[in-house]
Amino acid sequence: MYIRKYSYLRLEQISDMEIIFEKEYLSDLYYKGKTTDKKHRFQPEVARRYKLRIEALESAASVEDLFQINSLHYEVLKGDKKGISSIRVTDQYRIEFTASKVESKTIVTVCNILELTNHYK
């Protein structure tokens with residue numbers, strides 16, 4: 001009788017990205033999957049993809065890591081929204097956020113989620 005032994009290695013990525021939600025509906029959408037605000041209602045697919053994108057932001061070690069994930073379509077905005085970055089949720093919606101580095105013992109990037117926008121309006 002042959003017995004296989006498996007060793008499982010649990011890998012954890014240390015994240016230096018701290019997520020802050022600027023508006024309550026953005027937090028509700030992430031934690032609850034929906035909002036109670038009648039103005040900000042989204043289709044279930046948009047809510048699900050929004051949560052996945054926030055998790056991608058959380059797992060990134062720095063903003064520079066977002067450039068390497070092509071599906072996010074990370075870009076720094078210009079014009080009126082100078083200083084704001086965005087990633088794609090769906091073809092229609094984008095997450096707008098600002099990122100700043102706080103230096104202490106470790107470098108922490110604070111990602112302030114500003115808005116979930118319909119970029120076709």
# chains A, B, ... in the order shown; residues from 1 in each chain; ligands from 1
>>> select_by_dssp(residues="segment 42-121 of chain A", states="strand (DSSP E)", output="VMD selection string")
chain A and resid 75 to 76 85 to 88 93 to 103 107 to 118
>>> residues_around(residues="segment 26-40 of chain A", least_positions_apart="2", cutoff="10 Å", atoms="only C-alpha atoms", output="VMD selection string")
chain A and resid 20 to 24 42 to 55 95 113 to 116
>>> atom_distance(atom1="atom CA of Ile87 of chain A", atom2="atom CA of Leu72 of chain A")
5.2 Å
>>> residues_around(residues="Glu75 of chain A", least_positions_apart="4", cutoff="9 Å", atoms="only C-alpha atoms", output="ChimeraX atom specification")
/A:67,84-87
>>> select_by_dssp(residues="segment 3-119 of chain A", states="helix (DSSP H, G or I)", output="PDB file with all heavy atoms, in the first residue's frame")
ATOM      1  N   GLU A  24     -20.748  56.609   2.136  1.00  0.00           N
ATOM      2  CA  GLU A  24     -21.343  55.454   2.806  1.00  0.00           C
ATOM      3  C   GLU A  24     -21.852  54.403   1.818  1.00  0.00           C
ATOM      4  O   GLU A  24     -21.723  53.206   2.051  1.00  0.00           O
ATOM      5  CB  GLU A  24     -22.491  55.915   3.707  1.00  0.00           C
ATOM      6  CG  GLU A  24     -23.062  54.821   4.553  1.00  0.00           C
ATOM      7  CD  GLU A  24     -24.159  55.302   5.485  1.00  0.00           C
ATOM      8  OE1 GLU A  24     -24.375  56.513   5.600  1.00  0.00           O
ATOM      9  OE2 GLU A  24     -24.794  54.433   6.095  1.00  0.00           O
ATOM     10  N   TYR A  25     -22.423  54.831   0.697  1.00  0.00           N
ATOM     11  CA  TYR A  25     -22.954  53.857  -0.254  1.00  0.00           C
ATOM     12  C   TYR A  25     -21.854  52.988  -0.850  1.00  0.00           C
ATOM     13  O   TYR A  25     -22.082  51.827  -1.180  1.00  0.00           O
ATOM     14  CB  TYR A  25     -23.783  54.543  -1.349  1.00  0.00           C
ATOM     15  CG  TYR A  25     -23.015  55.087  -2.518  1.00  0.00           C
ATOM     16  CD1 TYR A  25     -22.788  54.303  -3.648  1.00  0.00           C
ATOM     17  CD2 TYR A  25     -22.528  56.386  -2.528  1.00  0.00           C
ATOM     18  CE1 TYR A  25     -22.096  54.792  -4.733  1.00  0.00           C
ATOM     19  CE2 TYR A  25     -21.845  56.886  -3.606  1.00  0.00           C
ATOM     20  CZ  TYR A  25     -21.625  56.090  -4.706  1.00  0.00           C
ATOM     21  OH  TYR A  25     -20.937  56.572  -5.787  1.00  0.00           O
ATOM     22  N   LEU A  26     -20.636  53.523  -0.955  1.00  0.00           N
ATOM     23  CA  LEU A  26     -19.515  52.725  -1.463  1.00  0.00           C
ATOM     24  C   LEU A  26     -19.132  51.634  -0.475  1.00  0.00           C
ATOM     25  O   LEU A  26     -18.848  50.500  -0.866  1.00  0.00           O
ATOM     26  CB  LEU A  26     -18.317  53.626  -1.748  1.00  0.00           C
ATOM     27  CG  LEU A  26     -18.521  54.659  -2.847  1.00  0.00           C
ATOM     28  CD1 LEU A  26     -17.382  55.661  -2.856  1.00  0.00           C
ATOM     29  CD2 LEU A  26     -18.663  53.988  -4.199  1.00  0.00           C
ATOM     30  N   SER A  27     -19.161  51.965   0.795  1.00  0.00           N
ATOM     31  CA  SER A  27     -18.874  50.987   1.841  1.00  0.00           C
ATOM     32  C   SER A  27     -19.954  49.917   1.894  1.00  0.00           C
ATOM     33  O   SER A  27     -19.663  48.720   1.985  1.00  0.00           O
ATOM     34  CB  SER A  27     -18.758  51.700   3.185  1.00  0.00           C
ATOM     35  OG  SER A  27     -18.550  50.783   4.215  1.00  0.00           O
ATOM     36  N   ASP A  28     -21.216  50.345   1.830  1.00  0.00           N
ATOM     37  CA  ASP A  28     -22.337  49.394   1.850  1.00  0.00           C
ATOM     38  C   ASP A  28     -22.272  48.441   0.663  1.00  0.00           C
ATOM     39  O   ASP A  28     -22.526  47.247   0.796  1.00  0.00           O
ATOM     40  CB  ASP A  28     -23.678  50.129   1.818  1.00  0.00           C
ATOM     41  CG  ASP A  28     -24.008  50.809   3.134  1.00  0.00           C
ATOM     42  OD1 ASP A  28     -23.344  50.501   4.143  1.00  0.00           O
ATOM     43  OD2 ASP A  28     -24.924  51.657   3.131  1.00  0.00           O
ATOM     44  N   LEU A  29     -21.938  48.978  -0.489  1.00  0.00           N
ATOM     45  CA  LEU A  29     -21.862  48.156  -1.698  1.00  0.00           C
ATOM     46  C   LEU A  29     -20.784  47.084  -1.555  1.00  0.00           C
ATOM     47  O   LEU A  29     -20.975  45.952  -1.987  1.00  0.00           O
ATOM     48  CB  LEU A  29     -21.579  49.045  -2.904  1.00  0.00           C
ATOM     49  CG  LEU A  29     -21.778  48.449  -4.273  1.00  0.00           C
ATOM     50  CD1 LEU A  29     -23.215  47.986  -4.473  1.00  0.00           C
ATOM     51  CD2 LEU A  29     -21.410  49.453  -5.347  1.00  0.00           C
ATOM     52  N   TYR A  30     -19.692  47.426  -0.897  1.00  0.00           N
ATOM     53  CA  TYR A  30     -18.614  46.455  -0.707  1.00  0.00           C
ATOM     54  C   TYR A  30     -18.967  45.416   0.362  1.00  0.00           C
ATOM     55  O   TYR A  30     -18.837  44.226   0.147  1.00  0.00           O
ATOM     56  CB  TYR A  30     -17.316  47.160  -0.334  1.00  0.00           C
ATOM     57  CG  TYR A  30     -16.188  46.209  -0.052  1.00  0.00           C
ATOM     58  CD1 TYR A  30     -15.658  45.412  -1.056  1.00  0.00           C
ATOM     59  CD2 TYR A  30     -15.664  46.089   1.223  1.00  0.00           C
ATOM     60  CE1 TYR A  30     -14.626  44.526  -0.800  1.00  0.00           C
ATOM     61  CE2 TYR A  30     -14.630  45.211   1.484  1.00  0.00           C
ATOM     62  CZ  TYR A  30     -14.125  44.435   0.473  1.00  0.00           C
ATOM     63  OH  TYR A  30     -13.107  43.548   0.729  1.00  0.00           O
ATOM     64  N   TYR A  31     -19.424  45.870   1.520  1.00  0.00           N
ATOM     65  CA  TYR A  31     -19.665  44.953   2.631  1.00  0.00           C
ATOM     66  C   TYR A  31     -20.997  44.209   2.546  1.00  0.00           C
ATOM     67  O   TYR A  31     -21.087  43.063   2.958  1.00  0.00           O
ATOM     68  CB  TYR A  31     -19.572  45.695   3.968  1.00  0.00           C
ATOM     69  CG  TYR A  31     -18.166  46.121   4.296  1.00  0.00           C
ATOM     70  CD1 TYR A  31     -17.803  47.458   4.250  1.00  0.00           C
ATOM     71  CD2 TYR A  31     -17.198  45.185   4.611  1.00  0.00           C
ATOM     72  CE1 TYR A  31     -16.503  47.849   4.533  1.00  0.00           C
ATOM     73  CE2 TYR A  31     -15.900  45.561   4.898  1.00  0.00           C
ATOM     74  CZ  TYR A  31     -15.559  46.897   4.855  1.00  0.00           C
ATOM     75  OH  TYR A  31     -14.270  47.274   5.125  1.00  0.00           O
ATOM     76  N   PRO A  44     -26.813  43.597  -9.832  1.00  0.00           N
ATOM     77  CA  PRO A  44     -26.030  42.649  -9.019  1.00  0.00           C
ATOM     78  C   PRO A  44     -24.651  42.339  -9.619  1.00  0.00           C
ATOM     79  O   PRO A  44     -23.682  42.188  -8.872  1.00  0.00           O
ATOM     80  CB  PRO A  44     -26.905  41.391  -8.999  1.00  0.00           C
ATOM     81  CG  PRO A  44     -28.278  41.875  -9.251  1.00  0.00           C
ATOM     82  CD  PRO A  44     -28.150  43.081 -10.124  1.00  0.00           C
ATOM     83  N   GLU A  45     -24.553  42.288 -10.928  1.00  0.00           N
ATOM     84  CA  GLU A  45     -23.255  42.018 -11.572  1.00  0.00           C
ATOM     85  C   GLU A  45     -22.265  43.155 -11.315  1.00  0.00           C
ATOM     86  O   GLU A  45     -21.085  42.916 -11.066  1.00  0.00           O
ATOM     87  CB  GLU A  45     -23.448  41.816 -13.079  1.00  0.00           C
ATOM     88  CG  GLU A  45     -22.168  41.577 -13.836  1.00  0.00           C
ATOM     89  CD  GLU A  45     -21.445  40.301 -13.451  1.00  0.00           C
ATOM     90  OE1 GLU A  45     -22.044  39.407 -12.845  1.00  0.00           O
ATOM     91  OE2 GLU A  45     -20.243  40.201 -13.771  1.00  0.00           O
ATOM     92  N   VAL A  46     -22.731  44.384 -11.339  1.00  0.00           N
ATOM     93  CA  VAL A  46     -21.865  45.537 -11.064  1.00  0.00           C
ATOM     94  C   VAL A  46     -21.403  45.493  -9.611  1.00  0.00           C
ATOM     95  O   VAL A  46     -20.226  45.720  -9.324  1.00  0.00           O
ATOM     96  CB  VAL A  46     -22.596  46.862 -11.381  1.00  0.00           C
ATOM     97  CG1 VAL A  46     -21.767  48.064 -10.948  1.00  0.00           C
ATOM     98  CG2 VAL A  46     -22.939  46.950 -12.859  1.00  0.00           C
ATOM     99  N   ALA A  47     -22.304  45.179  -8.691  1.00  0.00           N
ATOM    100  CA  ALA A  47     -21.954  45.082  -7.266  1.00  0.00           C
ATOM    101  C   ALA A  47     -20.932  43.975  -7.024  1.00  0.00           C
ATOM    102  O   ALA A  47     -19.978  44.156  -6.260  1.00  0.00           O
ATOM    103  CB  ALA A  47     -23.200  44.842  -6.432  1.00  0.00           C
ATOM    104  N   ARG A  48     -21.110  42.845  -7.686  1.00  0.00           N
ATOM    105  CA  ARG A  48     -20.178  41.726  -7.523  1.00  0.00           C
ATOM    106  C   ARG A  48     -18.798  42.080  -8.062  1.00  0.00           C
ATOM    107  O   ARG A  48     -17.776  41.856  -7.413  1.00  0.00           O
ATOM    108  CB  ARG A  48     -20.717  40.491  -8.249  1.00  0.00           C
ATOM    109  CG  ARG A  48     -19.901  39.230  -8.011  1.00  0.00           C
ATOM    110  CD  ARG A  48     -20.451  38.060  -8.801  1.00  0.00           C
ATOM    111  NE  ARG A  48     -20.283  38.228 -10.231  1.00  0.00           N
ATOM    112  CZ  ARG A  48     -19.129  38.024 -10.879  1.00  0.00           C
ATOM    113  NH1 ARG A  48     -18.066  37.648 -10.221  1.00  0.00           N
ATOM    114  NH2 ARG A  48     -19.050  38.190 -12.182  1.00  0.00           N
ATOM    115  N   ARG A  49     -18.746  42.695  -9.233  1.00  0.00           N
ATOM    116  CA  ARG A  49     -17.466  43.084  -9.827  1.00  0.00           C
ATOM    117  C   ARG A  49     -16.802  44.211  -9.034  1.00  0.00           C
ATOM    118  O   ARG A  49     -15.582  44.266  -8.936  1.00  0.00           O
ATOM    119  CB  ARG A  49     -17.659  43.524 -11.282  1.00  0.00           C
ATOM    120  CG  ARG A  49     -18.188  42.464 -12.224  1.00  0.00           C
ATOM    121  CD  ARG A  49     -17.146  41.563 -12.835  1.00  0.00           C
ATOM    122  NE  ARG A  49     -16.041  42.228 -13.441  1.00  0.00           N
ATOM    123  CZ  ARG A  49     -15.908  42.499 -14.743  1.00  0.00           C
ATOM    124  NH1 ARG A  49     -16.850  42.163 -15.579  1.00  0.00           N
ATOM    125  NH2 ARG A  49     -14.821  43.079 -15.193  1.00  0.00           N
ATOM    126  N   TYR A  50     -17.609  45.108  -8.462  1.00  0.00           N
ATOM    127  CA  TYR A  50     -17.076  46.185  -7.619  1.00  0.00           C
ATOM    128  C   TYR A  50     -16.328  45.581  -6.428  1.00  0.00           C
ATOM    129  O   TYR A  50     -15.217  45.992  -6.113  1.00  0.00           O
ATOM    130  CB  TYR A  50     -18.227  47.068  -7.145  1.00  0.00           C
ATOM    131  CG  TYR A  50     -17.848  48.097  -6.107  1.00  0.00           C
ATOM    132  CD1 TYR A  50     -17.185  49.263  -6.458  1.00  0.00           C
ATOM    133  CD2 TYR A  50     -18.170  47.898  -4.756  1.00  0.00           C
ATOM    134  CE1 TYR A  50     -16.847  50.207  -5.505  1.00  0.00           C
ATOM    135  CE2 TYR A  50     -17.840  48.831  -3.804  1.00  0.00           C
ATOM    136  CZ  TYR A  50     -17.178  49.987  -4.174  1.00  0.00           C
ATOM    137  OH  TYR A  50     -16.844  50.914  -3.226  1.00  0.00           O
ATOM    138  N   LYS A  51     -16.943  44.593  -5.787  1.00  0.00           N
ATOM    139  CA  LYS A  51     -16.312  43.943  -4.636  1.00  0.00           C
ATOM    140  C   LYS A  51     -14.995  43.275  -5.044  1.00  0.00           C
ATOM    141  O   LYS A  51     -13.993  43.381  -4.342  1.00  0.00           O
ATOM    142  CB  LYS A  51     -17.256  42.918  -4.020  1.00  0.00           C
ATOM    143  CG  LYS A  51     -16.690  42.272  -2.791  1.00  0.00           C
ATOM    144  CD  LYS A  51     -17.677  41.405  -2.075  1.00  0.00           C
ATOM    145  CE  LYS A  51     -16.979  40.783  -0.897  1.00  0.00           C
ATOM    146  NZ  LYS A  51     -17.804  40.543   0.224  1.00  0.00           N
ATOM    147  N   LEU A  52     -14.980  42.610  -6.193  1.00  0.00           N
ATOM    148  CA  LEU A  52     -13.748  41.977  -6.676  1.00  0.00           C
ATOM    149  C   LEU A  52     -12.647  43.000  -6.928  1.00  0.00           C
ATOM    150  O   LEU A  52     -11.476  42.755  -6.644  1.00  0.00           O
ATOM    151  CB  LEU A  52     -14.030  41.190  -7.964  1.00  0.00           C
ATOM    152  CG  LEU A  52     -14.864  39.922  -7.812  1.00  0.00           C
ATOM    153  CD1 LEU A  52     -15.191  39.351  -9.184  1.00  0.00           C
ATOM    154  CD2 LEU A  52     -14.113  38.901  -6.974  1.00  0.00           C
ATOM    155  N   ARG A  53     -13.019  44.159  -7.469  1.00  0.00           N
ATOM    156  CA  ARG A  53     -12.026  45.203  -7.755  1.00  0.00           C
ATOM    157  C   ARG A  53     -11.473  45.822  -6.477  1.00  0.00           C
ATOM    158  O   ARG A  53     -10.288  46.111  -6.391  1.00  0.00           O
ATOM    159  CB  ARG A  53     -12.620  46.294  -8.646  1.00  0.00           C
ATOM    160  CG  ARG A  53     -13.016  45.816 -10.013  1.00  0.00           C
ATOM    161  CD  ARG A  53     -11.856  45.161 -10.719  1.00  0.00           C
ATOM    162  NE  ARG A  53     -12.194  44.857 -12.098  1.00  0.00           N
ATOM    163  CZ  ARG A  53     -11.881  43.740 -12.718  1.00  0.00           C
ATOM    164  NH1 ARG A  53     -11.223  42.804 -12.071  1.00  0.00           N
ATOM    165  NH2 ARG A  53     -12.194  43.543 -13.970  1.00  0.00           N
ATOM    166  N   ILE A  54     -12.326  45.999  -5.471  1.00  0.00           N
ATOM    167  CA  ILE A  54     -11.837  46.521  -4.192  1.00  0.00           C
ATOM    168  C   ILE A  54     -10.885  45.507  -3.561  1.00  0.00           C
ATOM    169  O   ILE A  54      -9.846  45.870  -3.007  1.00  0.00           O
ATOM    170  CB  ILE A  54     -12.999  46.854  -3.234  1.00  0.00           C
ATOM    171  CG1 ILE A  54     -13.871  47.973  -3.804  1.00  0.00           C
ATOM    172  CG2 ILE A  54     -12.481  47.230  -1.850  1.00  0.00           C
ATOM    173  CD1 ILE A  54     -13.181  49.310  -3.966  1.00  0.00           C
ATOM    174  N   GLU A  55     -11.196  44.225  -3.665  1.00  0.00           N
ATOM    175  CA  GLU A  55     -10.301  43.181  -3.152  1.00  0.00           C
ATOM    176  C   GLU A  55      -8.976  43.190  -3.898  1.00  0.00           C
ATOM    177  O   GLU A  55      -7.919  42.952  -3.314  1.00  0.00           O
ATOM    178  CB  GLU A  55     -10.974  41.825  -3.239  1.00  0.00           C
ATOM    179  CG  GLU A  55     -12.101  41.659  -2.235  1.00  0.00           C
ATOM    180  CD  GLU A  55     -12.934  40.412  -2.437  1.00  0.00           C
ATOM    181  OE1 GLU A  55     -12.733  39.686  -3.430  1.00  0.00           O
ATOM    182  OE2 GLU A  55     -13.810  40.165  -1.583  1.00  0.00           O
ATOM    183  N   ALA A  56      -9.007  43.484  -5.193  1.00  0.00           N
ATOM    184  CA  ALA A  56      -7.761  43.596  -5.968  1.00  0.00           C
ATOM    185  C   ALA A  56      -6.931  44.775  -5.470  1.00  0.00           C
ATOM    186  O   ALA A  56      -5.700  44.676  -5.371  1.00  0.00           O
ATOM    187  CB  ALA A  56      -8.073  43.750  -7.452  1.00  0.00           C
ATOM    188  N   LEU A  57      -7.595  45.879  -5.140  1.00  0.00           N
ATOM    189  CA  LEU A  57      -6.878  47.024  -4.578  1.00  0.00           C
ATOM    190  C   LEU A  57      -6.263  46.672  -3.230  1.00  0.00           C
ATOM    191  O   LEU A  57      -5.123  47.026  -2.941  1.00  0.00           O
ATOM    192  CB  LEU A  57      -7.818  48.221  -4.416  1.00  0.00           C
ATOM    193  CG  LEU A  57      -8.247  48.948  -5.672  1.00  0.00           C
ATOM    194  CD1 LEU A  57      -9.293  50.005  -5.346  1.00  0.00           C
ATOM    195  CD2 LEU A  57      -7.069  49.579  -6.374  1.00  0.00           C
ATOM    196  N   GLU A  58      -7.029  45.962  -2.399  1.00  0.00           N
ATOM    197  CA  GLU A  58      -6.533  45.574  -1.075  1.00  0.00           C
ATOM    198  C   GLU A  58      -5.328  44.653  -1.165  1.00  0.00           C
ATOM    199  O   GLU A  58      -4.410  44.743  -0.357  1.00  0.00           O
ATOM    200  CB  GLU A  58      -7.631  44.870  -0.276  1.00  0.00           C
ATOM    201  CG  GLU A  58      -8.674  45.775   0.282  1.00  0.00           C
ATOM    202  CD  GLU A  58      -9.743  45.021   1.049  1.00  0.00           C
ATOM    203  OE1 GLU A  58     -10.049  43.873   0.694  1.00  0.00           O
ATOM    204  OE2 GLU A  58     -10.264  45.601   1.999  1.00  0.00           O
ATOM    205  N   SER A  59      -5.325  43.773  -2.132  1.00  0.00           N
ATOM    206  CA  SER A  59      -4.241  42.795  -2.229  1.00  0.00           C
ATOM    207  C   SER A  59      -2.988  43.349  -2.889  1.00  0.00           C
ATOM    208  O   SER A  59      -1.939  42.723  -2.827  1.00  0.00           O
ATOM    209  CB  SER A  59      -4.720  41.551  -2.974  1.00  0.00           C
ATOM    210  OG  SER A  59      -4.988  41.860  -4.317  1.00  0.00           O
ATOM    211  N   VAL A  63       0.497  50.946  -5.534  1.00  0.00           N
ATOM    212  CA  VAL A  63      -0.259  51.388  -6.700  1.00  0.00           C
ATOM    213  C   VAL A  63       0.423  50.925  -7.987  1.00  0.00           C
ATOM    214  O   VAL A  63      -0.240  50.600  -8.968  1.00  0.00           O
ATOM    215  CB  VAL A  63      -0.414  52.930  -6.685  1.00  0.00           C
ATOM    216  CG1 VAL A  63      -1.108  53.425  -7.931  1.00  0.00           C
ATOM    217  CG2 VAL A  63      -1.182  53.359  -5.466  1.00  0.00           C
ATOM    218  N   GLU A  64       1.728  50.847  -7.972  1.00  0.00           N
ATOM    219  CA  GLU A  64       2.470  50.413  -9.149  1.00  0.00           C
ATOM    220  C   GLU A  64       2.101  48.991  -9.572  1.00  0.00           C
ATOM    221  O   GLU A  64       2.183  48.639 -10.741  1.00  0.00           O
ATOM    222  CB  GLU A  64       3.982  50.516  -8.905  1.00  0.00           C
ATOM    223  CG  GLU A  64       4.492  51.938  -8.820  1.00  0.00           C
ATOM    224  CD  GLU A  64       4.213  52.613  -7.474  1.00  0.00           C
ATOM    225  OE1 GLU A  64       3.960  51.909  -6.464  1.00  0.00           O
ATOM    226  OE2 GLU A  64       4.238  53.855  -7.441  1.00  0.00           O
ATOM    227  N   ASP A  65       1.686  48.161  -8.618  1.00  0.00           N
ATOM    228  CA  ASP A  65       1.271  46.791  -8.930  1.00  0.00           C
ATOM    229  C   ASP A  65       0.011  46.761  -9.789  1.00  0.00           C
ATOM    230  O   ASP A  65      -0.237  45.802 -10.509  1.00  0.00           O
ATOM    231  CB  ASP A  65       1.019  45.989  -7.652  1.00  0.00           C
ATOM    232  CG  ASP A  65       2.296  45.703  -6.895  1.00  0.00           C
ATOM    233  OD1 ASP A  65       3.395  45.902  -7.457  1.00  0.00           O
ATOM    234  OD2 ASP A  65       2.199  45.288  -5.727  1.00  0.00           O
ATOM    235  N   LEU A  66      -0.810  47.802  -9.715  1.00  0.00           N
ATOM    236  CA  LEU A  66      -2.058  47.844 -10.479  1.00  0.00           C
ATOM    237  C   LEU A  66      -1.805  47.959 -11.981  1.00  0.00           C
ATOM    238  O   LEU A  66      -2.616  47.524 -12.783  1.00  0.00           O
ATOM    239  CB  LEU A  66      -2.936  48.997 -10.002  1.00  0.00           C
ATOM    240  CG  LEU A  66      -3.340  48.950  -8.526  1.00  0.00           C
ATOM    241  CD1 LEU A  66      -4.104  50.205  -8.154  1.00  0.00           C
ATOM    242  CD2 LEU A  66      -4.147  47.709  -8.227  1.00  0.00           C
ATOM    243  N   PHE A  67      -0.679  48.554 -12.360  1.00  0.00           N
ATOM    244  CA  PHE A  67      -0.333  48.661 -13.779  1.00  0.00           C
ATOM    245  C   PHE A  67      -0.155  47.288 -14.412  1.00  0.00           C
ATOM    246  O   PHE A  67      -0.406  47.102 -15.594  1.00  0.00           O
ATOM    247  CB  PHE A  67       0.965  49.457 -13.971  1.00  0.00           C
ATOM    248  CG  PHE A  67       0.797  50.935 -13.835  1.00  0.00           C
ATOM    249  CD1 PHE A  67       1.331  51.604 -12.750  1.00  0.00           C
ATOM    250  CD2 PHE A  67       0.113  51.661 -14.800  1.00  0.00           C
ATOM    251  CE1 PHE A  67       1.186  52.971 -12.624  1.00  0.00           C
ATOM    252  CE2 PHE A  67      -0.030  53.033 -14.682  1.00  0.00           C
ATOM    253  CZ  PHE A  67       0.504  53.689 -13.590  1.00  0.00           C
ATOM    254  N   GLN A  68       0.293  46.325 -13.643  1.00  0.00           N
ATOM    255  CA  GLN A  68       0.603  44.999 -14.174  1.00  0.00           C
ATOM    256  C   GLN A  68      -0.634  44.144 -14.409  1.00  0.00           C
ATOM    257  O   GLN A  68      -0.569  43.156 -15.113  1.00  0.00           O
ATOM    258  CB  GLN A  68       1.553  44.279 -13.227  1.00  0.00           C
ATOM    259  CG  GLN A  68       2.873  44.988 -13.091  1.00  0.00           C
ATOM    260  CD  GLN A  68       3.764  44.368 -12.044  1.00  0.00           C
ATOM    261  OE1 GLN A  68       3.372  43.430 -11.360  1.00  0.00           O
ATOM    262  NE2 GLN A  68       4.967  44.887 -11.918  1.00  0.00           N
ATOM    263  N   ASN A  70      -3.668  43.861 -16.323  1.00  0.00           N
ATOM    264  CA  ASN A  70      -4.264  44.477 -17.506  1.00  0.00           C
ATOM    265  C   ASN A  70      -5.783  44.596 -17.432  1.00  0.00           C
ATOM    266  O   ASN A  70      -6.354  45.535 -17.961  1.00  0.00           O
ATOM    267  CB  ASN A  70      -3.873  43.710 -18.766  1.00  0.00           C
ATOM    268  CG  ASN A  70      -2.410  43.865 -19.086  1.00  0.00           C
ATOM    269  OD1 ASN A  70      -1.797  44.862 -18.733  1.00  0.00           O
ATOM    270  ND2 ASN A  70      -1.843  42.872 -19.742  1.00  0.00           N
ATOM    271  N   SER A  71      -6.448  43.663 -16.779  1.00  0.00           N
ATOM    272  CA  SER A  71      -7.911  43.681 -16.738  1.00  0.00           C
ATOM    273  C   SER A  71      -8.466  44.852 -15.940  1.00  0.00           C
ATOM    274  O   SER A  71      -9.627  45.210 -16.088  1.00  0.00           O
ATOM    275  CB  SER A  71      -8.450  42.371 -16.172  1.00  0.00           C
ATOM    276  OG  SER A  71      -8.051  42.226 -14.826  1.00  0.00           O
ATOM    277  N   LEU A  72      -7.651  45.479 -15.097  1.00  0.00           N
ATOM    278  CA  LEU A  72      -8.114  46.621 -14.321  1.00  0.00           C
ATOM    279  C   LEU A  72      -8.193  47.899 -15.157  1.00  0.00           C
ATOM    280  O   LEU A  72      -8.933  48.809 -14.832  1.00  0.00           O
ATOM    281  CB  LEU A  72      -7.198  46.873 -13.120  1.00  0.00           C
ATOM    282  CG  LEU A  72      -7.168  45.817 -12.039  1.00  0.00           C
ATOM    283  CD1 LEU A  72      -6.200  46.221 -10.940  1.00  0.00           C
ATOM    284  CD2 LEU A  72      -8.543  45.579 -11.468  1.00  0.00           C
ATOM    285  N   GLY A  79      -7.238  66.523 -16.733  1.00  0.00           N
ATOM    286  CA  GLY A  79      -8.231  67.588 -16.814  1.00  0.00           C
ATOM    287  C   GLY A  79      -8.825  67.932 -15.465  1.00  0.00           C
ATOM    288  O   GLY A  79      -8.111  68.161 -14.499  1.00  0.00           O
ATOM    289  N   ASP A  80     -10.163  67.968 -15.395  1.00  0.00           N
ATOM    290  CA  ASP A  80     -10.867  68.320 -14.160  1.00  0.00           C
ATOM    291  C   ASP A  80     -10.592  67.333 -13.033  1.00  0.00           C
ATOM    292  O   ASP A  80     -10.685  67.681 -11.863  1.00  0.00           O
ATOM    293  CB  ASP A  80     -12.387  68.359 -14.387  1.00  0.00           C
ATOM    294  CG  ASP A  80     -12.800  69.472 -15.333  1.00  0.00           C
ATOM    295  OD1 ASP A  80     -11.979  70.381 -15.577  1.00  0.00           O
ATOM    296  OD2 ASP A  80     -13.941  69.423 -15.824  1.00  0.00           O
ATOM    297  N   LYS A  81     -10.264  66.103 -13.374  1.00  0.00           N
ATOM    298  CA  LYS A  81     -10.057  65.049 -12.373  1.00  0.00           C
ATOM    299  C   LYS A  81      -8.573  64.740 -12.183  1.00  0.00           C
ATOM    300  O   LYS A  81      -8.197  63.614 -11.873  1.00  0.00           O
ATOM    301  CB  LYS A  81     -10.827  63.798 -12.772  1.00  0.00           C
ATOM    302  CG  LYS A  81     -12.320  64.029 -12.774  1.00  0.00           C
ATOM    303  CD  LYS A  81     -13.076  62.765 -13.001  1.00  0.00           C
ATOM    304  CE  LYS A  81     -14.567  63.031 -12.895  1.00  0.00           C
ATOM    305  NZ  LYS A  81     -15.336  61.820 -12.860  1.00  0.00           N
TER     306      LYS A  81
END
>>> decode(residues="segment 88-95 of chain A", atoms="N, CA, C and O atoms", output="mmCIF file, in the first residue's frame")
data_model
loop_
_atom_site.group_PDB
_atom_site.id
_atom_site.type_symbol
_atom_site.label_atom_id
_atom_site.label_comp_id
_atom_site.auth_asym_id
_atom_site.auth_seq_id
_atom_site.Cartn_x
_atom_site.Cartn_y
_atom_site.Cartn_z
ATOM 1 N N ARG A 88 -11.247 49.909 -13.953
ATOM 2 C CA ARG A 88 -12.506 49.518 -14.564
ATOM 3 C C ARG A 88 -13.208 48.446 -13.743
ATOM 4 O O ARG A 88 -12.602 47.479 -13.319
ATOM 5 N N VAL A 89 -14.502 48.634 -13.528
ATOM 6 C CA VAL A 89 -15.341 47.622 -12.889
ATOM 7 C C VAL A 89 -15.994 46.785 -13.988
ATOM 8 O O VAL A 89 -15.875 45.569 -14.010
ATOM 9 N N THR A 90 -16.713 47.460 -14.870
ATOM 10 C CA THR A 90 -17.290 46.844 -16.068
ATOM 11 C C THR A 90 -16.972 47.776 -17.223
ATOM 12 O O THR A 90 -16.286 48.781 -17.036
ATOM 13 N N ASP A 91 -17.491 47.472 -18.406
ATOM 14 C CA ASP A 91 -17.277 48.374 -19.529
ATOM 15 C C ASP A 91 -17.897 49.739 -19.265
ATOM 16 O O ASP A 91 -17.471 50.743 -19.817
ATOM 17 N N GLN A 92 -18.906 49.779 -18.421
ATOM 18 C CA GLN A 92 -19.645 51.012 -18.182
ATOM 19 C C GLN A 92 -19.200 51.755 -16.918
ATOM 20 O O GLN A 92 -19.253 52.975 -16.882
ATOM 21 N N TYR A 93 -18.760 51.051 -15.881
ATOM 22 C CA TYR A 93 -18.460 51.674 -14.597
ATOM 23 C C TYR A 93 -16.982 51.603 -14.254
ATOM 24 O O TYR A 93 -16.302 50.636 -14.559
ATOM 25 N N ARG A 94 -16.513 52.663 -13.562
ATOM 26 C CA ARG A 94 -15.146 52.733 -13.089
ATOM 27 C C ARG A 94 -15.147 53.163 -11.625
ATOM 28 O O ARG A 94 -16.025 53.889 -11.192
ATOM 29 N N ILE A 95 -14.129 52.721 -10.887
ATOM 30 C CA ILE A 95 -13.910 53.174 -9.520
ATOM 31 C C ILE A 95 -12.882 54.297 -9.583
ATOM 32 O O ILE A 95 -11.793 54.107 -10.116
#
